[in-house]
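Asks: Just structure29.cif, nothing more (mmCIF, C-alpha atoms and all ligand atoms):
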```cif
data_query
loop_
_atom_site.label_atom_id
_atom_site.label_comp_id
_atom_site.auth_asym_id
_atom_site.auth_seq_id
_atom_site.Cartn_x
_atom_site.Cartn_y
_atom_site.Cartn_z
CA MET A 1 0.06 -9.76 -8.52
CA ILE A 2 -1.78 -9.40 -5.26
CA LYS A 3 -2.68 -13.08 -5.44
CA GLY A 4 -0.42 -15.12 -3.18
CA TYR A 5 0.55 -12.09 -1.11
CA LYS A 6 -1.10 -13.45 2.01
CA THR A 7 1.14 -16.53 2.03
CA GLN A 8 4.19 -14.33 1.51
CA ILE A 9 3.19 -12.06 4.37
CA MET A 10 2.48 -14.99 6.71
CA ASP A 11 5.94 -16.39 5.84
CA TYR A 12 7.36 -13.00 6.65
CA TYR A 13 5.71 -12.99 10.11
CA GLU A 14 6.95 -16.55 10.69
CA LYS A 15 10.48 -15.35 9.90
CA ILE A 16 10.16 -12.40 12.32
CA ARG A 17 8.95 -14.71 15.10
CA TYR A 18 11.70 -17.24 14.38
CA HIS A 19 14.27 -14.47 14.53
CA GLU A 20 12.86 -13.15 17.83
CA ARG A 21 12.71 -16.63 19.40
CA LYS A 22 16.34 -17.16 18.42
CA ALA A 23 17.34 -13.77 19.85
CA LEU A 24 15.55 -14.63 23.11
CA GLN A 25 17.39 -17.94 23.34
CA GLU A 26 20.70 -16.12 22.86
CA ARG A 27 19.82 -13.67 25.65
CA LYS A 28 18.92 -16.60 27.91
CA ASP A 29 22.22 -18.35 27.12
CA ASN A 30 24.03 -15.17 27.94
CA ILE A 31 22.31 -14.86 31.34
CA LYS A 32 22.98 -18.55 32.01
CA ARG A 33 26.71 -17.92 31.57
CA GLU A 34 26.95 -14.56 33.31
CA HIS A 35 24.28 -14.59 36.04
CA PRO A 36 22.81 -18.10 36.43
CA GLU A 37 20.97 -17.04 39.61
CA ILE A 38 18.58 -14.98 37.45
CA LEU A 39 17.77 -18.02 35.38
CA ASP A 40 17.18 -20.00 38.59
CA LEU A 41 14.58 -17.37 39.50
CA GLU A 42 13.02 -17.72 36.09
CA ASN A 43 12.84 -21.50 36.39
CA GLU A 44 11.25 -21.15 39.79
CA ILE A 45 8.66 -18.76 38.32
CA GLY A 46 7.94 -21.38 35.66
CA ARG A 47 7.55 -24.12 38.26
CA LEU A 48 5.24 -21.99 40.42
CA SER A 49 3.13 -21.01 37.40
CA ILE A 50 2.42 -24.66 36.73
CA LYS A 51 1.64 -25.17 40.40
CA LEU A 52 -0.72 -22.17 40.24
CA SER A 53 -2.70 -23.71 37.38
CA MET A 54 -2.96 -26.98 39.31
CA ASP A 55 -4.01 -25.18 42.51
CA ILE A 56 -6.71 -23.25 40.64
CA LEU A 57 -8.00 -26.51 39.18
CA ARG A 58 -7.99 -28.18 42.56
CA HIS A 59 -9.15 -25.38 44.87
CA GLY A 60 -10.74 -22.73 42.65
CA ASN A 61 -9.58 -19.22 41.96
CA ALA A 62 -10.36 -17.64 45.35
CA ASP A 63 -8.51 -20.13 47.55
CA ASP A 64 -5.77 -19.10 50.02
CA VAL A 65 -3.21 -21.50 48.57
CA VAL A 66 -3.83 -19.94 45.18
CA SER A 67 -3.33 -16.37 46.34
CA LYS A 68 -0.15 -17.38 48.22
CA THR A 69 1.29 -18.94 45.06
CA ARG A 70 0.33 -15.82 43.11
CA GLU A 71 2.12 -13.59 45.61
CA ALA A 72 5.21 -15.81 45.48
CA ILE A 73 5.29 -15.52 41.68
CA THR A 74 4.97 -11.72 41.84
CA ASP A 75 7.81 -11.53 44.38
CA LEU A 76 10.07 -13.64 42.19
CA ARG A 77 9.23 -11.52 39.14
CA VAL A 78 10.15 -8.36 41.01
CA GLN A 79 13.41 -9.95 42.17
CA LYS A 80 14.21 -11.04 38.63
CA ALA A 81 13.51 -7.58 37.20
CA GLU A 82 15.58 -5.92 39.93
CA LEU A 83 18.54 -8.20 39.31
CA LEU A 84 18.38 -7.68 35.54
CA VAL A 85 18.33 -3.91 35.95
CA ALA A 86 21.13 -4.07 38.57
CA TYR A 87 23.33 -5.91 36.04
CA GLY A 88 22.57 -3.32 33.38
CA TYR A 89 19.96 -5.20 31.32
CA GLY A 90 16.46 -4.06 30.45
CA GLN A 91 13.82 -5.63 32.68
CA ASP A 92 12.26 -7.31 29.63
CA TYR A 93 15.61 -8.84 28.66
CA LEU A 94 14.32 -12.36 29.20
CA SER A 95 10.94 -11.78 27.56
CA MET A 96 10.01 -12.29 23.95
CA HIS A 97 10.35 -9.05 21.97
CA TYR A 98 7.81 -8.25 19.26
CA GLN A 99 8.19 -5.87 16.35
CA CYS A 100 4.45 -5.20 16.61
CA SER A 101 3.14 -5.39 20.14
CA LYS A 102 -0.45 -4.99 18.94
CA CYS A 103 -0.58 -8.38 17.22
CA ASN A 104 2.60 -10.03 18.60
CA ASP A 105 3.81 -10.40 15.01
CA THR A 106 0.92 -12.57 13.92
CA GLY A 107 -0.65 -9.99 11.58
CA TYR A 108 -4.05 -10.42 13.17
CA ILE A 109 -5.85 -9.11 16.22
CA GLY A 110 -8.56 -11.72 16.59
CA THR A 111 -9.91 -12.04 13.07
CA LYS A 112 -9.10 -8.44 12.14
CA ARG A 113 -6.01 -7.57 10.11
CA CYS A 114 -3.47 -5.58 12.14
CA SER A 115 -2.24 -2.26 10.72
CA CYS A 116 1.24 -3.76 10.37
CA PHE A 117 -0.19 -6.34 7.93
CA ASP A 118 -1.23 -3.54 5.58
CA ARG A 119 2.17 -1.90 5.92
CA TYR A 120 3.90 -5.11 4.83
CA LEU A 121 1.39 -5.49 2.02
CA VAL A 122 2.28 -2.04 0.69
CA LYS A 123 6.00 -2.83 0.88
CA LEU A 124 5.57 -6.15 -0.85
CA TYR A 125 3.31 -4.79 -3.55
CA TYR A 126 5.55 -1.80 -4.12
CA LYS A 127 8.65 -3.97 -4.40
CA SER A 128 7.18 -6.38 -6.92
CA SER A 129 5.21 -3.97 -9.06
CA GLU A 130 6.36 -2.65 -12.41
CA LEU A 131 5.37 0.65 -10.93
CA ALA A 132 8.48 0.58 -8.71
CA GLU A 133 10.60 0.84 -11.87
CA SER A 134 8.65 3.56 -13.64
CA ILE A 135 8.27 5.84 -10.61
CA LYS A 136 12.04 6.02 -10.27
CA THR A 137 11.92 8.35 -13.27
CA ASN A 138 8.27 9.40 -13.35
CA ASN A 139 7.64 11.50 -10.24
CA PHE A 140 6.94 15.10 -9.27
CA ASN A 141 10.67 15.90 -9.20
CA THR A 142 10.92 15.15 -12.90
CA PHE A 143 7.58 16.64 -13.93
CA ASN A 144 8.50 19.07 -16.71
CA LEU A 145 6.20 22.04 -17.22
CA ASP A 146 8.14 23.00 -20.36
CA PHE A 147 6.07 20.45 -22.27
CA TYR A 148 3.01 22.62 -21.65
CA SER A 149 2.91 25.80 -23.68
CA PRO A 150 2.07 29.03 -21.85
CA ARG A 151 0.36 30.22 -25.04
CA SER A 152 -3.24 29.36 -25.70
CA ASP A 153 -4.29 28.39 -29.21
CA GLY A 154 -7.80 29.59 -28.44
CA SER A 155 -9.44 26.16 -28.43
CA GLU A 156 -9.44 25.97 -24.63
CA LYS A 157 -10.20 28.52 -21.96
CA PHE A 158 -6.74 28.20 -20.39
CA SER A 159 -3.31 27.74 -21.94
CA PRO A 160 -1.89 24.19 -21.57
CA ARG A 161 0.53 25.56 -18.93
CA ASP A 162 -2.17 27.27 -16.86
CA ASN A 163 -4.31 24.15 -17.09
CA ILE A 164 -1.59 21.74 -15.93
CA GLU A 165 -0.55 24.14 -13.16
CA GLN A 166 -4.11 24.17 -11.85
CA ILE A 167 -4.25 20.38 -11.93
CA LEU A 168 -0.85 20.09 -10.23
CA SER A 169 -1.77 22.59 -7.57
CA TYR A 170 -4.96 20.73 -6.68
CA ILE A 171 -3.16 17.38 -6.52
CA LYS A 172 -0.16 18.60 -4.54
CA ASN A 173 -1.97 20.96 -2.16
CA ASP A 174 -5.27 19.23 -1.63
CA TYR A 175 -5.72 15.75 -3.06
CA ILE A 176 -2.51 14.21 -1.66
CA PRO A 177 -2.22 16.00 1.73
CA ASN A 178 -5.89 15.26 2.53
CA PHE A 179 -5.92 11.82 0.95
CA LYS A 180 -6.85 9.99 4.12
CA ASN A 181 -9.97 12.05 4.72
CA HIS A 182 -11.52 12.55 1.29
CA SER A 183 -13.20 10.20 -1.13
CA VAL A 184 -12.41 11.99 -4.37
CA ASN A 185 -12.30 9.94 -7.56
CA MET A 186 -10.54 11.48 -10.53
CA LEU A 187 -10.87 10.93 -14.25
CA PHE A 188 -7.98 12.20 -16.38
CA TYR A 189 -8.97 12.47 -20.03
CA GLY A 190 -7.36 13.92 -23.11
CA ASP A 191 -5.34 13.03 -26.17
CA PRO A 192 -2.48 10.53 -26.00
CA GLY A 193 0.86 12.08 -25.00
CA THR A 194 -0.55 14.79 -22.77
CA GLY A 195 1.00 13.50 -19.53
CA LYS A 196 -1.92 11.64 -17.95
CA THR A 197 -0.07 8.39 -17.21
CA PHE A 198 2.94 10.34 -15.99
CA MET A 199 0.72 12.27 -13.58
CA THR A 200 -0.93 9.06 -12.26
CA GLN A 201 2.54 7.64 -11.56
CA CYS A 202 3.60 10.81 -9.72
CA ILE A 203 0.51 10.44 -7.53
CA ALA A 204 1.17 6.72 -7.00
CA LYS A 205 4.71 7.40 -5.80
CA GLU A 206 3.67 10.13 -3.35
CA LEU A 207 0.93 7.96 -1.83
CA LEU A 208 3.05 4.79 -1.70
CA ASP A 209 5.78 6.76 0.07
CA LYS A 210 3.18 7.82 2.62
CA GLY A 211 2.29 4.16 3.22
CA PHE A 212 -0.99 3.96 1.31
CA LEU A 213 -1.76 0.84 -0.66
CA VAL A 214 -1.95 1.93 -4.28
CA ILE A 215 -2.74 -0.64 -6.94
CA TYR A 216 -1.93 0.26 -10.50
CA LYS A 217 -3.61 -1.57 -13.36
CA THR A 218 -3.92 -0.92 -17.04
CA SER A 219 -7.54 -1.27 -18.06
CA ASP A 220 -6.53 -4.42 -19.91
CA GLU A 221 -5.05 -5.98 -16.76
CA LEU A 222 -8.10 -4.97 -14.76
CA ASN A 223 -10.34 -6.53 -17.36
CA LYS A 224 -8.44 -9.81 -17.04
CA ASP A 225 -8.54 -9.62 -13.24
CA LEU A 226 -12.30 -9.09 -13.30
CA ARG A 227 -12.65 -12.21 -15.45
CA THR A 228 -10.54 -14.17 -12.97
CA ILE A 229 -12.71 -12.92 -10.11
CA THR A 230 -15.87 -14.00 -11.93
CA PHE A 231 -14.69 -17.37 -13.23
CA ASP A 232 -12.30 -18.51 -10.49
CA ASN A 233 -14.21 -16.82 -7.68
CA ASP A 234 -10.91 -15.26 -6.58
CA LYS A 235 -12.04 -13.50 -3.41
CA ALA A 236 -8.55 -12.39 -2.34
CA LEU A 237 -7.96 -10.63 -5.65
CA GLU A 238 -11.35 -8.96 -5.51
CA GLU A 239 -10.77 -7.88 -1.92
CA SER A 240 -7.46 -6.22 -2.83
CA LEU A 241 -8.87 -4.41 -5.84
CA ILE A 242 -11.90 -3.19 -3.91
CA ASN A 243 -10.30 -2.29 -0.59
CA CYS A 244 -6.92 -0.83 -1.59
CA ASP A 245 -6.51 2.85 -0.70
CA LEU A 246 -6.34 3.87 -4.34
CA LEU A 247 -6.93 1.91 -7.51
CA ILE A 248 -5.41 3.48 -10.60
CA ILE A 249 -6.89 2.30 -13.89
CA ASP A 250 -4.69 3.44 -16.71
CA ASP A 251 -5.86 3.85 -20.29
CA LEU A 252 -9.53 3.01 -19.96
CA GLY A 253 -10.87 2.16 -23.37
CA ALA A 254 -7.69 0.41 -24.55
CA GLU A 255 -8.93 -2.97 -23.31
CA GLN A 256 -10.98 -5.29 -25.45
CA ILE A 257 -14.51 -4.09 -24.86
CA THR A 258 -17.25 -6.72 -24.91
CA ASP A 259 -20.74 -6.83 -23.39
CA PHE A 260 -19.30 -9.11 -20.75
CA SER A 261 -16.38 -6.81 -19.87
CA VAL A 262 -18.71 -3.82 -19.71
CA THR A 263 -21.11 -5.60 -17.33
CA ASN A 264 -18.19 -6.77 -15.20
CA PHE A 265 -16.73 -3.28 -15.07
CA PHE A 266 -20.08 -1.76 -14.16
CA THR A 267 -20.54 -4.17 -11.23
CA PHE A 268 -17.01 -3.51 -10.05
CA LEU A 269 -17.34 0.27 -10.35
CA ASN A 270 -20.55 0.15 -8.33
CA LYS A 271 -18.96 -1.88 -5.54
CA LYS A 272 -16.13 0.64 -5.26
CA LEU A 273 -18.49 3.62 -5.28
CA ILE A 274 -20.81 2.11 -2.66
CA LYS A 275 -17.84 1.46 -0.37
CA ASN A 276 -16.40 4.93 -1.05
CA LYS A 277 -13.12 3.42 -2.25
CA LYS A 278 -11.05 5.84 -4.27
CA MET A 279 -10.20 5.45 -7.95
CA LEU A 280 -8.11 7.34 -10.44
CA ILE A 281 -8.85 6.59 -14.08
CA SER A 282 -7.07 7.85 -17.15
CA THR A 283 -8.38 7.58 -20.67
CA ASN A 284 -7.43 8.76 -24.14
CA LEU A 285 -11.08 8.75 -25.12
CA LEU A 286 -13.11 11.89 -25.43
CA LEU A 287 -16.00 12.05 -23.01
CA SER A 288 -18.40 11.59 -25.94
CA ASP A 289 -16.50 8.45 -27.03
CA LEU A 290 -16.67 7.03 -23.51
CA THR A 291 -20.46 7.03 -23.80
CA LYS A 292 -20.19 5.18 -27.12
CA SER A 293 -17.77 2.53 -25.82
CA TYR A 294 -19.46 1.91 -22.48
CA THR A 295 -23.06 1.95 -21.42
CA GLU A 296 -24.81 5.09 -20.33
CA ARG A 297 -25.00 3.55 -16.85
CA ILE A 298 -21.19 3.52 -16.65
CA THR A 299 -20.62 6.98 -18.03
CA SER A 300 -23.25 8.49 -15.76
CA ARG A 301 -21.37 6.94 -12.81
CA LEU A 302 -18.09 8.35 -14.14
CA PHE A 303 -19.42 11.82 -14.80
CA GLY A 304 -21.40 11.94 -11.56
CA ASN A 305 -18.81 10.57 -9.16
CA PHE A 306 -15.46 11.59 -10.62
CA ARG A 307 -13.65 14.88 -10.71
CA LEU A 308 -12.96 15.36 -14.42
CA GLN A 309 -9.55 16.75 -15.39
CA LYS A 310 -8.82 17.43 -19.01
CA PHE A 311 -5.18 17.18 -20.13
CA TYR A 312 -4.07 18.94 -23.27
CA THR A 313 -0.84 19.97 -24.90
CA GLU A 314 1.08 19.19 -28.05
CA ASP A 315 1.93 15.46 -27.94
CA ILE A 316 4.80 15.18 -25.41
CA ARG A 317 6.25 12.13 -27.11
CA ILE A 318 6.58 14.08 -30.36
CA GLN A 319 8.07 17.05 -28.47
CA LYS A 320 10.64 14.74 -26.84
CA LYS A 321 11.47 13.15 -30.17
CA SER A 322 12.10 16.47 -31.87
CA LEU A 323 14.17 17.60 -28.86
CA ARG A 324 16.38 14.53 -29.28
CA GLN A 325 16.66 15.13 -33.03
CA ASN A 326 17.62 18.76 -32.45
CA ARG A 327 20.30 17.73 -29.98
CA PHE A 328 21.54 15.12 -32.43
CA SER A 329 21.79 17.63 -35.30
CA GLU A 330 23.49 20.20 -33.02
CA LYS A 331 26.09 17.55 -32.18
CA THR A 332 26.55 16.65 -35.82
CA ILE A 333 27.08 20.29 -36.74
CA LEU A 334 29.52 20.80 -33.87
CA ASN A 335 31.52 17.71 -34.85
CA GLN A 336 31.87 18.76 -38.46
ZN ZN A 401 0.68 -5.91 14.09
#
```
In structure tokens, how does this file's structure come out?
Ligand SMILES: [Zn+2]
Replies:
Amino acid sequence: MIKGYKTQIMDYYEKIRYHERKALQERKDNIKREHPEILDLENEIGRLSIKLSMDILRHGNADDVVSKTREAITDLRVQKAELLVAYGYGQDYLSMHYQCSKCNDTGYIGTKRCSCFDRYLVKLYYKSSELAESIKTNNFNTFNLDFYSPRSDGSEKFSPRDNIEQILSYIKNDYIPNFKNHSVNMLFYGDPGTGKTFMTQCIAKELLDKGFLVIYKTSDELNKDLRTITFDNDKALEESLINCDLLIIDDLGAEQITDFSVTNFFTFLNKKLIKNKKMLISTNLLLSDLTKSYTERITSRLFGNFRLQKFYTEDIRIQKKSLRQNRFSEKTILNQ
């Protein structure tokens, strides 16, 4: 769940900073042992910096005493850097090192989330999602075109193979490479066992690997999340579902459909569309059944704002089953 992620990420930043403070202390200890004169310079810089603040308070910023102290500090800093370099250290050896210099490992620049925050969020989400397991096996490398017959049975314009090749080509050559710059929503529809979920997981893996935040929900999970958002006013959850780079809603129509869930879904869909936030929905329902299950307002949004992709082939699960049975009977014959 996305809920609770913020605390985990803040803990993560705290750990990074702790680690860096410790590393700095070790570098200081090292210099203290090897070249204590550099540390003397550093202490003197510290002392003068305090004096500078006092002088500014007492005399104002433009005073002579103040500029003299400033010059003295600069001189000492130069001396320190020169000594460090002369002994073979980097000139920032005695400074705090940050993994992200934009936000100094705080995750925020002012009140705005730093880009590194989103990178950690993707990692964290990826690691803890069930998706991480399924995309080990379900990805473009294992996509098997053999499940799509090159022969047309006449019911569709293209053979199942030609159809899936067209879909694949669009996704691989256009949708994914240009993901950052487009706002294409897709609706995969077709009978169960035609590879829709598999294809959504292939897409999820590609985009996650590129560092996009992809959230994967079955329609049932989304339905529950939308209830939580409404009843518990869970802003963080809503924010993640709305603002992620891609929200995948798998198996729309399999959730328990009530007037309340339909209204909730409509409001949510609208928020995403207004903000141009991409969605990928898969459903086993026929387009005509979608209209029956949801309101006309929802289906008109879906048909008007989504690229519709029909999936069809002989049920892949049945094909796999008969493949296994064939292998089993071949073995049995061979062993006899
Ligand atoms: Zn940062």
Asks: I'd like the contact shell of segment 187-196 of chain A - 9 Å cut-off, only C-alpha atoms, skipping same-chain residues fewer than 4 positions apart - returned as a ChimeraX atom specification.
Replies: /A:147-148,200-201,250,279-287,302-303,306-318
Asks: Keeping only C-alpha atoms, take the residues you just selected and write them out as a PDB file, in the frame of the given file.
Replies:
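Saved file selection.pdb follows:
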```pdb
ATOM      1  CA  PHE A 147       6.070  20.450 -22.270  1.00  0.00           C
ATOM      2  CA  TYR A 148       3.010  22.620 -21.650  1.00  0.00           C
ATOM      3  CA  THR A 200      -0.930   9.060 -12.260  1.00  0.00           C
ATOM      4  CA  GLN A 201       2.540   7.640 -11.560  1.00  0.00           C
ATOM      5  CA  ASP A 250      -4.690   3.440 -16.710  1.00  0.00           C
ATOM      6  CA  MET A 279     -10.200   5.450  -7.950  1.00  0.00           C
ATOM      7  CA  LEU A 280      -8.110   7.340 -10.440  1.00  0.00           C
ATOM      8  CA  ILE A 281      -8.850   6.590 -14.080  1.00  0.00           C
ATOM      9  CA  SER A 282      -7.070   7.850 -17.150  1.00  0.00           C
ATOM     10  CA  THR A 283      -8.380   7.580 -20.670  1.00  0.00           C
ATOM     11  CA  ASN A 284      -7.430   8.760 -24.140  1.00  0.00           C
ATOM     12  CA  LEU A 285     -11.080   8.750 -25.120  1.00  0.00           C
ATOM     13  CA  LEU A 286     -13.110  11.890 -25.430  1.00  0.00           C
ATOM     14  CA  LEU A 287     -16.000  12.050 -23.010  1.00  0.00           C
ATOM     15  CA  LEU A 302     -18.090   8.350 -14.140  1.00  0.00           C
ATOM     16  CA  PHE A 303     -19.420  11.820 -14.800  1.00  0.00           C
ATOM     17  CA  PHE A 306     -15.460  11.590 -10.620  1.00  0.00           C
ATOM     18  CA  ARG A 307     -13.650  14.880 -10.710  1.00  0.00           C
ATOM     19  CA  LEU A 308     -12.960  15.360 -14.420  1.00  0.00           C
ATOM     20  CA  GLN A 309      -9.550  16.750 -15.390  1.00  0.00           C
ATOM     21  CA  LYS A 310      -8.820  17.430 -19.010  1.00  0.00           C
ATOM     22  CA  PHE A 311      -5.180  17.180 -20.130  1.00  0.00           C
ATOM     23  CA  TYR A 312      -4.070  18.940 -23.270  1.00  0.00           C
ATOM     24  CA  THR A 313      -0.840  19.970 -24.900  1.00  0.00           C
ATOM     25  CA  GLU A 314       1.080  19.190 -28.050  1.00  0.00           C
ATOM     26  CA  ASP A 315       1.930  15.460 -27.940  1.00  0.00           C
ATOM     27  CA  ILE A 316       4.800  15.180 -25.410  1.00  0.00           C
ATOM     28  CA  ARG A 317       6.250  12.130 -27.110  1.00  0.00           C
ATOM     29  CA  ILE A 318       6.580  14.080 -30.360  1.00  0.00           C
TER      30      ILE A 318
END
```
Asks: Can you pull out every residue within 10 Å of Asp40 of chain A, counting all atoms listed in the file, but drop anything in the same chain fewer than 6 positions away, and send it as an NGL selection string?
Replies: :A and (32 or 46 or 80)
Asks: Could you jot down the atom CA of Tyr170 of chain A to atom CA of Ser183 of chain A separation for me, Å, one decimal place?
Replies: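 Those two atoms sit 14.5 Å apart.
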Asks: Looking at all atoms listed in the file, which of A:Val78, A:Val85, A:Met10, A:Met199 is the one that sits closest to ligand ZN 401 (chain A)?
Replies: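 Closest to ligand ZN 401 (chain A), using all atoms listed in the file: A:Met10.
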Asks: Rounded to one decimal, what separation in Å do you get between atom CA of Phe140 of chain A and atom CA of Pro177 of chain A?
Replies: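 Atom-to-atom, atom CA of Phe140 of chain A and atom CA of Pro177 of chain A are spaced 14.3 Å apart.
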